[in-house]
Every structure is written in C-alpha cells, then in structure tokens.
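What follows is my_file_12.tsv (TSV, N, CA and C atoms).
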```
chain	number	residue	atom	x	y	z
A	1	MET	N	-18.62	8.64	-0.53
A	1	MET	CA	-18.37	7.24	-0.23
A	1	MET	C	-17.41	6.67	-1.27
A	2	LYS	N	-16.46	5.89	-0.84
A	2	LYS	CA	-15.47	5.32	-1.74
A	2	LYS	C	-16.05	4.13	-2.50
A	3	SER	N	-15.71	4.03	-3.76
A	3	SER	CA	-16.09	2.84	-4.51
A	3	SER	C	-15.04	1.77	-4.26
A	4	TRP	N	-15.31	0.53	-4.63
A	4	TRP	CA	-14.33	-0.55	-4.41
A	4	TRP	C	-13.06	-0.28	-5.18
A	5	LYS	N	-13.16	0.29	-6.37
A	5	LYS	CA	-11.97	0.54	-7.16
A	5	LYS	C	-11.12	1.62	-6.49
A	6	ALA	N	-11.74	2.64	-5.94
A	6	ALA	CA	-11.01	3.69	-5.25
A	6	ALA	C	-10.31	3.11	-4.02
A	7	ILE	N	-10.97	2.19	-3.33
A	7	ILE	CA	-10.35	1.55	-2.17
A	7	ILE	C	-9.15	0.73	-2.60
A	8	VAL	N	-9.29	-0.02	-3.68
A	8	VAL	CA	-8.18	-0.83	-4.18
A	8	VAL	C	-7.00	0.07	-4.54
A	9	VAL	N	-7.27	1.15	-5.24
A	9	VAL	CA	-6.20	2.06	-5.64
A	9	VAL	C	-5.55	2.69	-4.41
A	10	ALA	N	-6.36	3.10	-3.45
A	10	ALA	CA	-5.81	3.71	-2.24
A	10	ALA	C	-4.95	2.72	-1.47
A	11	LEU	N	-5.41	1.51	-1.33
A	11	LEU	CA	-4.63	0.51	-0.60
A	11	LEU	C	-3.40	0.09	-1.39
A	12	ALA	N	-3.51	0.05	-2.68
A	12	ALA	CA	-2.34	-0.26	-3.50
A	12	ALA	C	-1.30	0.82	-3.30
A	13	THR	N	-1.75	2.03	-3.25
A	13	THR	CA	-0.85	3.15	-3.03
A	13	THR	C	-0.21	3.04	-1.66
A	14	VAL	N	-0.99	2.68	-0.69
A	14	VAL	CA	-0.48	2.55	0.67
A	14	VAL	C	0.61	1.51	0.71
A	15	THR	N	0.39	0.43	0.05
A	15	THR	CA	1.38	-0.63	0.02
A	15	THR	C	2.69	-0.13	-0.52
A	16	MET	N	2.64	0.71	-1.51
A	16	MET	CA	3.84	1.21	-2.14
A	16	MET	C	4.52	2.29	-1.31
A	17	VAL	N	3.88	2.72	-0.29
A	17	VAL	CA	4.29	3.89	0.45
A	17	VAL	C	5.52	3.73	1.31
A	18	LEU	N	6.04	2.61	1.52
A	18	LEU	CA	7.07	2.37	2.52
A	18	LEU	C	8.28	3.27	2.49
A	19	GLY	N	8.42	4.21	1.60
A	19	GLY	CA	9.51	5.09	1.86
A	19	GLY	C	9.97	6.08	0.86
A	20	ALA	N	9.81	7.29	1.08
A	20	ALA	CA	10.43	8.31	0.24
A	20	ALA	C	11.49	8.99	1.06
A	21	ALA	N	12.49	9.52	0.42
A	21	ALA	CA	13.55	10.20	1.16
A	21	ALA	C	12.94	11.37	1.90
A	22	GLY	N	13.28	11.50	3.15
A	22	GLY	CA	12.74	12.57	3.96
A	22	GLY	C	11.70	12.05	4.93
A	23	THR	N	11.20	12.95	5.76
A	23	THR	CA	10.22	12.56	6.77
A	23	THR	C	8.84	13.04	6.34
A	24	ALA	N	7.84	12.46	6.95
A	24	ALA	CA	6.47	12.85	6.63
A	24	ALA	C	6.20	14.25	7.15
A	25	SER	N	5.45	15.01	6.39
A	25	SER	CA	5.13	16.37	6.81
A	25	SER	C	3.96	16.39	7.77
A	26	ALA	N	3.22	15.31	7.83
A	26	ALA	CA	2.08	15.20	8.74
A	26	ALA	C	2.28	13.99	9.64
A	27	ASP	N	1.53	13.95	10.72
A	27	ASP	CA	1.62	12.83	11.65
A	27	ASP	C	1.10	11.57	10.98
A	28	PRO	N	1.99	10.60	10.64
A	28	PRO	CA	1.54	9.42	9.90
A	28	PRO	C	0.68	8.48	10.72
A	29	THR	N	0.59	8.67	12.02
A	29	THR	CA	-0.24	7.79	12.83
A	29	THR	C	-1.71	8.23	12.83
A	30	ASN	N	-1.99	9.38	12.25
A	30	ASN	CA	-3.35	9.88	12.21
A	30	ASN	C	-4.04	9.37	10.95
A	31	ALA	N	-4.90	8.38	11.08
A	31	ALA	CA	-5.55	7.75	9.93
A	31	ALA	C	-6.41	8.74	9.14
A	32	LYS	N	-6.84	9.84	9.74
A	32	LYS	CA	-7.66	10.82	9.02
A	32	LYS	C	-6.83	11.54	7.96
A	33	LYS	N	-5.52	11.51	8.07
A	33	LYS	CA	-4.65	12.20	7.13
A	33	LYS	C	-4.17	11.27	6.03
A	34	GLY	N	-4.52	10.01	6.05
A	34	GLY	CA	-4.08	9.08	5.02
A	34	GLY	C	-4.55	7.67	5.33
A	35	GLU	N	-4.34	6.78	4.36
A	35	GLU	CA	-4.68	5.38	4.54
A	35	GLU	C	-3.58	4.69	5.36
A	36	ILE	N	-3.96	3.75	6.21
A	36	ILE	CA	-3.02	2.99	7.02
A	36	ILE	C	-3.11	1.53	6.60
A	37	ILE	N	-1.96	0.88	6.41
A	37	ILE	CA	-1.94	-0.51	6.00
A	37	ILE	C	-0.77	-1.21	6.69
A	38	THR	N	-0.94	-2.50	6.97
A	38	THR	CA	0.13	-3.32	7.53
A	38	THR	C	0.68	-4.19	6.42
A	39	ILE	N	2.01	-4.20	6.30
A	39	ILE	CA	2.65	-4.99	5.25
A	39	ILE	C	3.71	-5.88	5.87
A	40	GLU	N	3.95	-7.01	5.25
A	40	GLU	CA	4.99	-7.96	5.67
A	40	GLU	C	6.10	-7.89	4.62
A	41	CYS	N	7.32	-7.57	5.06
A	41	CYS	CA	8.42	-7.36	4.12
A	41	CYS	C	9.59	-8.30	4.39
A	42	ASP	N	10.30	-8.63	3.32
A	42	ASP	CA	11.52	-9.42	3.45
A	42	ASP	C	12.70	-8.49	3.73
A	43	GLY	N	13.91	-9.00	3.64
A	43	GLY	CA	15.09	-8.17	3.82
A	43	GLY	C	15.31	-7.69	5.24
A	44	GLY	N	14.70	-8.38	6.22
A	44	GLY	CA	14.88	-7.99	7.61
A	44	GLY	C	13.96	-6.88	8.08
A	45	LEU	N	13.08	-6.40	7.23
A	45	LEU	CA	12.16	-5.32	7.63
A	45	LEU	C	11.02	-5.83	8.50
A	46	GLY	N	10.51	-7.02	8.21
A	46	GLY	CA	9.44	-7.60	9.01
A	46	GLY	C	8.09	-6.94	8.79
A	47	THR	N	7.28	-6.90	9.83
A	47	THR	CA	5.94	-6.32	9.77
A	47	THR	C	6.02	-4.82	10.00
A	48	LEU	N	5.43	-4.06	9.07
A	48	LEU	CA	5.45	-2.60	9.17
A	48	LEU	C	4.05	-2.05	9.01
A	49	THR	N	3.72	-1.03	9.81
A	49	THR	CA	2.48	-0.30	9.64
A	49	THR	C	2.86	0.98	8.91
A	50	VAL	N	2.20	1.20	7.78
A	50	VAL	CA	2.58	2.28	6.88
A	50	VAL	C	1.40	3.22	6.66
A	51	ALA	N	1.70	4.52	6.61
A	51	ALA	CA	0.69	5.53	6.29
A	51	ALA	C	0.94	6.06	4.89
A	52	LEU	N	-0.11	6.10	4.09
A	52	LEU	CA	-0.03	6.65	2.74
A	52	LEU	C	-0.77	7.97	2.71
A	53	ASN	N	-0.09	9.01	2.31
A	53	ASN	CA	-0.71	10.33	2.30
A	53	ASN	C	-0.79	10.89	0.88
A	54	GLY	N	-1.27	10.10	-0.04
A	54	GLY	CA	-1.40	10.54	-1.43
A	54	GLY	C	-2.27	9.57	-2.18
A	55	ASN	N	-2.45	9.82	-3.47
A	55	ASN	CA	-3.30	8.93	-4.24
A	55	ASN	C	-2.69	8.55	-5.59
A	56	GLY	N	-1.39	8.75	-5.76
A	56	GLY	CA	-0.74	8.37	-7.00
A	56	GLY	C	-0.37	6.89	-6.98
A	57	ASP	N	-0.03	6.36	-8.16
A	57	ASP	CA	0.35	4.95	-8.24
A	57	ASP	C	1.59	4.64	-7.43
A	58	PHE	N	2.52	5.59	-7.32
A	58	PHE	CA	3.78	5.32	-6.63
A	58	PHE	C	3.99	6.26	-5.44
A	59	THR	N	2.93	6.50	-4.69
A	59	THR	CA	3.00	7.33	-3.50
A	59	THR	C	3.87	6.67	-2.45
A	60	PRO	N	4.84	7.41	-1.87
A	60	PRO	CA	5.68	6.84	-0.82
A	60	PRO	C	4.86	6.51	0.43
A	61	GLY	N	5.31	5.50	1.17
A	61	GLY	CA	4.68	5.13	2.42
A	61	GLY	C	5.60	5.48	3.58
A	62	HIS	N	5.02	5.96	4.66
A	62	HIS	CA	5.77	6.36	5.84
A	62	HIS	C	5.50	5.37	6.98
A	63	VAL	N	6.55	4.74	7.49
A	63	VAL	CA	6.41	3.81	8.61
A	63	VAL	C	5.97	4.62	9.82
A	64	THR	N	4.91	4.19	10.49
A	64	THR	CA	4.33	4.98	11.57
A	64	THR	C	5.16	4.98	12.84
A	65	THR	N	6.14	4.07	12.96
A	65	THR	CA	6.93	3.99	14.19
A	65	THR	C	8.35	4.52	14.03
A	66	SER	N	8.68	5.09	12.87
A	66	SER	CA	10.02	5.64	12.66
A	66	SER	C	9.98	6.66	11.53
A	67	THR	N	11.15	7.12	11.12
A	67	THR	CA	11.24	8.05	9.99
A	67	THR	C	11.44	7.31	8.68
A	68	GLN	N	11.37	6.00	8.70
A	68	GLN	CA	11.60	5.19	7.50
A	68	GLN	C	10.49	5.40	6.47
A	69	VAL	N	10.90	5.43	5.20
A	69	VAL	CA	9.96	5.63	4.11
A	69	VAL	C	10.20	4.56	3.06
A	70	GLY	N	9.13	4.10	2.44
A	70	GLY	CA	9.23	3.13	1.34
A	70	GLY	C	8.67	3.73	0.07
A	71	ILE	N	9.41	3.55	-1.02
A	71	ILE	CA	8.96	4.06	-2.31
A	71	ILE	C	8.69	2.87	-3.23
A	72	PRO	N	7.44	2.68	-3.61
A	72	PRO	CA	7.12	1.54	-4.46
A	72	PRO	C	7.57	1.75	-5.90
A	73	TYR	N	7.96	0.66	-6.53
A	73	TYR	CA	8.27	0.73	-7.96
A	73	TYR	C	7.56	-0.36	-8.75
A	74	ALA	N	6.89	-1.28	-8.07
A	74	ALA	CA	6.05	-2.27	-8.75
A	74	ALA	C	4.99	-2.77	-7.78
A	75	LEU	N	3.84	-3.15	-8.32
A	75	LEU	CA	2.73	-3.60	-7.49
A	75	LEU	C	1.90	-4.63	-8.26
A	76	HIS	N	1.50	-5.68	-7.56
A	76	HIS	CA	0.58	-6.69	-8.11
A	76	HIS	C	-0.53	-6.87	-7.09
A	77	ILE	N	-1.78	-6.72	-7.53
A	77	ILE	CA	-2.94	-6.90	-6.66
A	77	ILE	C	-3.93	-7.81	-7.37
A	78	GLU	N	-4.49	-8.76	-6.62
A	78	GLU	CA	-5.58	-9.57	-7.15
A	78	GLU	C	-6.58	-9.88	-6.05
A	79	GLY	N	-7.84	-9.87	-6.44
A	79	GLY	CA	-8.88	-10.12	-5.47
A	79	GLY	C	-10.24	-10.09	-6.13
A	80	SER	N	-11.25	-9.76	-5.34
A	80	SER	CA	-12.60	-9.69	-5.89
A	80	SER	C	-13.44	-8.67	-5.16
A	81	PHE	N	-14.41	-8.17	-5.87
A	81	PHE	CA	-15.42	-7.27	-5.33
A	81	PHE	C	-16.77	-7.94	-5.54
A	82	THR	N	-17.58	-7.98	-4.50
A	82	THR	CA	-18.91	-8.58	-4.61
A	82	THR	C	-19.94	-7.51	-4.32
A	83	PRO	N	-20.65	-7.04	-5.35
A	83	PRO	CA	-21.69	-6.05	-5.10
A	83	PRO	C	-22.80	-6.64	-4.23
A	84	THR	N	-23.43	-5.81	-3.46
A	84	THR	CA	-24.53	-6.26	-2.61
A	84	THR	C	-25.56	-6.98	-3.48
A	85	GLY	N	-25.83	-8.24	-3.14
A	85	GLY	CA	-26.81	-9.05	-3.88
A	85	GLY	C	-26.30	-9.56	-5.22
A	86	GLY	N	-25.00	-9.40	-5.49
A	86	GLY	CA	-24.48	-9.81	-6.79
A	86	GLY	C	-23.44	-10.91	-6.68
A	87	GLU	N	-22.83	-11.22	-7.80
A	87	GLU	CA	-21.80	-12.23	-7.89
A	87	GLU	C	-20.42	-11.60	-7.74
A	88	PRO	N	-19.43	-12.36	-7.23
A	88	PRO	CA	-18.07	-11.83	-7.11
A	88	PRO	C	-17.51	-11.43	-8.49
A	89	GLU	N	-16.81	-10.30	-8.51
A	89	GLU	CA	-16.17	-9.80	-9.72
A	89	GLU	C	-14.66	-9.80	-9.48
A	90	PRO	N	-13.94	-10.77	-10.03
A	90	PRO	CA	-12.50	-10.83	-9.79
A	90	PRO	C	-11.77	-9.70	-10.53
A	91	PHE	N	-10.61	-9.31	-10.00
A	91	PHE	CA	-9.77	-8.32	-10.66
A	91	PHE	C	-8.31	-8.63	-10.41
A	92	VAL	N	-7.48	-8.18	-11.33
A	92	VAL	CA	-6.02	-8.29	-11.21
A	92	VAL	C	-5.47	-6.97	-11.73
A	93	ASP	N	-4.50	-6.41	-11.02
A	93	ASP	CA	-3.90	-5.15	-11.45
A	93	ASP	C	-2.39	-5.22	-11.23
A	94	ASP	N	-1.63	-4.84	-12.25
A	94	ASP	CA	-0.17	-4.79	-12.17
A	94	ASP	C	0.28	-3.43	-12.67
A	95	ILE	N	1.15	-2.79	-11.91
A	95	ILE	CA	1.78	-1.55	-12.36
A	95	ILE	C	3.26	-1.64	-12.00
A	96	ALA	N	4.09	-1.02	-12.82
A	96	ALA	CA	5.53	-1.07	-12.55
A	96	ALA	C	6.23	0.07	-13.28
A	97	LYS	N	7.35	0.47	-12.72
A	97	LYS	CA	8.26	1.38	-13.38
A	97	LYS	C	9.67	0.82	-13.16
A	98	LYS	N	10.65	1.39	-13.78
A	98	LYS	CA	12.02	0.90	-13.67
A	98	LYS	C	12.44	0.91	-12.20
A	99	GLY	N	13.04	-0.19	-11.75
A	99	GLY	CA	13.49	-0.31	-10.36
A	99	GLY	C	14.70	0.57	-10.07
A	100	PRO	N	14.85	0.98	-8.82
A	100	PRO	CA	15.98	1.81	-8.42
A	100	PRO	C	17.28	1.02	-8.39
A	101	ARG	N	18.39	1.72	-8.38
A	101	ARG	CA	19.70	1.06	-8.37
A	101	ARG	C	20.26	0.87	-6.97
A	102	ASN	N	19.67	1.49	-5.97
A	102	ASN	CA	20.25	1.34	-4.62
A	102	ASN	C	20.05	-0.07	-4.08
A	103	GLY	N	20.78	-0.40	-3.03
A	103	GLY	CA	20.73	-1.74	-2.47
A	103	GLY	C	19.67	-1.96	-1.42
A	104	ARG	N	18.87	-0.94	-1.10
A	104	ARG	CA	17.84	-1.10	-0.08
A	104	ARG	C	16.51	-1.40	-0.75
A	105	LEU	N	16.34	-2.66	-1.15
A	105	LEU	CA	15.12	-3.08	-1.83
A	105	LEU	C	14.45	-4.19	-1.04
A	106	ALA	N	13.15	-4.23	-1.07
A	106	ALA	CA	12.41	-5.28	-0.36
A	106	ALA	C	11.13	-5.61	-1.14
A	107	VAL	N	10.61	-6.80	-0.88
A	107	VAL	CA	9.33	-7.22	-1.42
A	107	VAL	C	8.39	-7.38	-0.22
A	108	CYS	N	7.23	-6.76	-0.31
A	108	CYS	CA	6.27	-6.78	0.79
A	108	CYS	C	4.93	-7.31	0.30
A	109	THR	N	4.19	-7.94	1.20
A	109	THR	CA	2.87	-8.46	0.88
A	109	THR	C	1.84	-7.90	1.85
A	110	PHE	N	0.58	-7.92	1.44
A	110	PHE	CA	-0.49	-7.45	2.31
A	110	PHE	C	-1.81	-8.11	1.91
A	111	HIS	N	-2.75	-8.07	2.82
A	111	HIS	CA	-4.10	-8.60	2.59
A	111	HIS	C	-5.08	-7.56	3.13
A	112	GLU	N	-6.11	-7.28	2.38
A	112	GLU	CA	-7.13	-6.33	2.81
A	112	GLU	C	-8.50	-6.89	2.50
A	113	ALA	N	-9.46	-6.56	3.35
A	113	ALA	CA	-10.86	-6.93	3.14
A	113	ALA	C	-11.71	-5.86	3.79
A	114	GLY	N	-12.90	-5.65	3.25
A	114	GLY	CA	-13.79	-4.65	3.82
A	114	GLY	C	-15.09	-4.57	3.06
A	115	GLN	N	-15.86	-3.54	3.39
A	115	GLN	CA	-17.14	-3.35	2.74
A	115	GLN	C	-17.54	-1.89	2.80
A	116	ASP	N	-18.42	-1.51	1.89
A	116	ASP	CA	-19.10	-0.22	1.93
A	116	ASP	C	-20.54	-0.48	1.50
A	117	GLU	N	-21.32	0.56	1.27
A	117	GLU	CA	-22.72	0.29	0.92
A	117	GLU	C	-22.88	-0.38	-0.43
A	118	GLY	N	-21.81	-0.39	-1.25
A	118	GLY	CA	-21.89	-1.02	-2.56
A	118	GLY	C	-21.60	-2.51	-2.56
A	119	GLY	N	-20.95	-3.01	-1.51
A	119	GLY	CA	-20.62	-4.42	-1.46
A	119	GLY	C	-19.38	-4.69	-0.62
A	120	THR	N	-18.77	-5.85	-0.85
A	120	THR	CA	-17.58	-6.25	-0.09
A	120	THR	C	-16.42	-6.49	-1.05
A	121	PHE	N	-15.20	-6.35	-0.51
A	121	PHE	CA	-14.01	-6.61	-1.31
A	121	PHE	C	-12.99	-7.37	-0.49
A	122	GLU	N	-12.13	-8.08	-1.17
A	122	GLU	CA	-11.03	-8.79	-0.54
A	122	GLU	C	-9.93	-8.93	-1.58
A	123	PHE	N	-8.70	-8.62	-1.17
A	123	PHE	CA	-7.60	-8.77	-2.12
A	123	PHE	C	-6.27	-8.96	-1.41
A	124	ASP	N	-5.32	-9.49	-2.16
A	124	ASP	CA	-3.95	-9.69	-1.71
A	124	ASP	C	-3.05	-8.92	-2.66
A	125	GLY	N	-1.96	-8.42	-2.11
A	125	GLY	CA	-1.05	-7.65	-2.95
A	125	GLY	C	0.40	-7.93	-2.62
A	126	THR	N	1.24	-7.65	-3.60
A	126	THR	CA	2.68	-7.70	-3.44
A	126	THR	C	3.21	-6.38	-3.96
A	127	VAL	N	4.10	-5.75	-3.19
A	127	VAL	CA	4.68	-4.48	-3.61
A	127	VAL	C	6.19	-4.57	-3.49
A	128	TRP	N	6.86	-4.08	-4.50
A	128	TRP	CA	8.33	-4.02	-4.52
A	128	TRP	C	8.70	-2.59	-4.19
A	129	ILE	N	9.56	-2.42	-3.16
A	129	ILE	CA	9.89	-1.07	-2.68
A	129	ILE	C	11.40	-0.84	-2.57
A	130	SER	N	11.75	0.42	-2.60
A	130	SER	CA	13.06	0.91	-2.20
A	130	SER	C	12.79	1.65	-0.89
A	131	TYR	N	13.66	1.52	0.09
A	131	TYR	CA	13.36	2.14	1.39
A	131	TYR	C	14.57	2.87	1.96
A	132	THR	N	14.25	3.85	2.81
A	132	THR	CA	15.28	4.60	3.51
A	132	THR	C	15.61	3.85	4.80
A	133	LYS	N	16.77	4.16	5.39
A	133	LYS	CA	17.14	3.55	6.67
A	133	LYS	C	16.25	4.14	7.77
A	134	ALA	N	15.97	3.32	8.78
A	134	ALA	CA	15.20	3.79	9.92
A	134	ALA	C	16.09	4.60	10.84
A	135	HIS	N	15.57	5.69	11.40
A	135	HIS	CA	16.33	6.52	12.36
A	135	HIS	C	15.68	6.47	13.71
```

Go ahead and express the file in the form of structure tokens.
Amino acid sequence: MKSWKAIVVALATVTMVLGAAGTASADPTNAKKGEIITIECDGGLGTLTVALNGNGDFTPGHVTTSTQVGIPYALHIEGSFTPTGGEPEPFVDDIAKKGPRNGRLAVCTFHEAGQDEGGTFEFDGTVWISYTKAH
C-alpha cells in the first residue's frame, strides 16, 4: 500500500513527465504501467493527460494521445495529508535543476486528491517542463 508521501512523490514525478526525447517504450495509456495525471499547461499546450513510468524526481512524462514528451526541471507542490482520525498535516515541496536552453518550455499546473487506509490527501502543484513537438 502506498503511503501519502509515496503518492505525492509519484504524482510529482508524473507532473514532470511531459516529455523526454523519444517515444514511450510501453503503452502510456495503461495505468498499470505508470501513474496517470492531467495537467494544464501554458504555451498553447492546453490540457494534457500524461503517463509517468518512473519514480525519479525528474522522470519524463509521456502524453497519452501523441508521441509528445515533457521533461520536468522544476516542481512546486503544496497540500495536506490527514491521517484517519487525525489533524491535517500540511506540506510544501520544491525541487529544481538548471533549466534547459531550448525554446520549448511550458509551465503546467495540477490538482490531486485521494485516500488510502492511512488517510486522505489533497495537493496542488506547478511543474516547469521542456517538451518535444507532438507528432
């Protein structure tokens, strides 16, 4: 069973996933092979459904409707976890590395909420990505 922190990290990774050079080696529409998240991006990208097939801080995300990939280089997440029968525990997490030099950059946002046997969580995130062109 996933803990709330593992879920936050997985979803943060998913957010950053919008694009690595190349195509996904697995079917990104199959949620059993990775986390799926919907993100809202600027720069004309709009709403994207992204599959994350890894667990690193900067795991690329694969758009499920094309060959487009997003590579995160910064992430901000804030929200709370409420253990069953307990008080909300707020959290904030920021990670970043040097941004890429290419001109295909976007800022995307997302919202996630859920629960497991340990409690409930809710958070909002912003991810800065570099992305490949859609084919």

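Between Ser130 of chain A and the candidates A:Asn102, A:Thr64, A:Thr59, A:Thr38, the tightest atom-to-atom separation, counting only C-alpha atoms, involves A:Asn102.
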
**Fill in**
With distances taken over only C-alpha atoms, the candidate from A:Leu75, A:Cys108, A:Ala96, A:Ile129 nearest Asp42 of chain A is A:Cys108

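Distances here use all atoms listed in the file; by that measure, the residue among A:Gly99, A:Gly119, A:Gly61, A:Gly114 closest to Gly86 of chain A is A:Gly119.
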
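You will find atom CA of Pro72 of chain A at 10.9 Å from atom N of Thr126 of chain A.
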
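The coordinates place atom CA of Pro88 of chain A at 28.6 Å from atom C of Phe58 of chain A.
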
Quick one: what's the axis-aligned box for segment 118-128 of chain A, all listed atoms, 5 Å on every side, centre and edges in Å to one decimal, as AutoDock Vina command-line options?
```
--center_x -6.6 --center_y -5.0 --center_z -2.3 --size_x 40.6 --size_y 19.3 --size_z 14.4
```

**Complete:** What separates atom C of Ala134 of chain A and atom C of Lys98 of chain A is a distance of 23.6 Å

**Item:** Using all atoms listed in the file: which of A:Gly54, A:Val127, A:Gly118, A:Thr109 has the shortest distance to Phe81 of chain A
**Value:** A:Gly118

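Nearest-residue note for Glu35 of chain A: choosing from A:His111, A:Asn53, A:Phe121, A:Gly85, the minimum distance belongs to A:Asn53, counting only N, CA and C atoms.
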
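With only C-alpha atoms as the basis for measurement, A:Glu87 is the residue among A:Asp57, A:Glu87, A:Asp94, A:Glu40 that approaches Thr120 of chain A most closely.
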
**Message:** Using only N, CA and C atoms, which protein or nucleic acid residues come within 6.5 Å of Asp93 of chain A? Drop anything in the same chain fewer than 4 positions from it, and give the result as number ranges by chain.
**Reply:** A: 75-78

**Request:** Quick one: everything within 8 Å of Ser80 of chain A, counting only C-alpha atoms, minus sequence neighbours fewer than 6 positions away in the same chain. Send it as number ranges by chain.
**Result:** A: 88-91, 121-123

**Message:** Run DSSP on the backbone and tell me which residues of segment 14-125 of chain A come out as strand (DSSP E); list them as a count of residues only.
**Reply:** 59
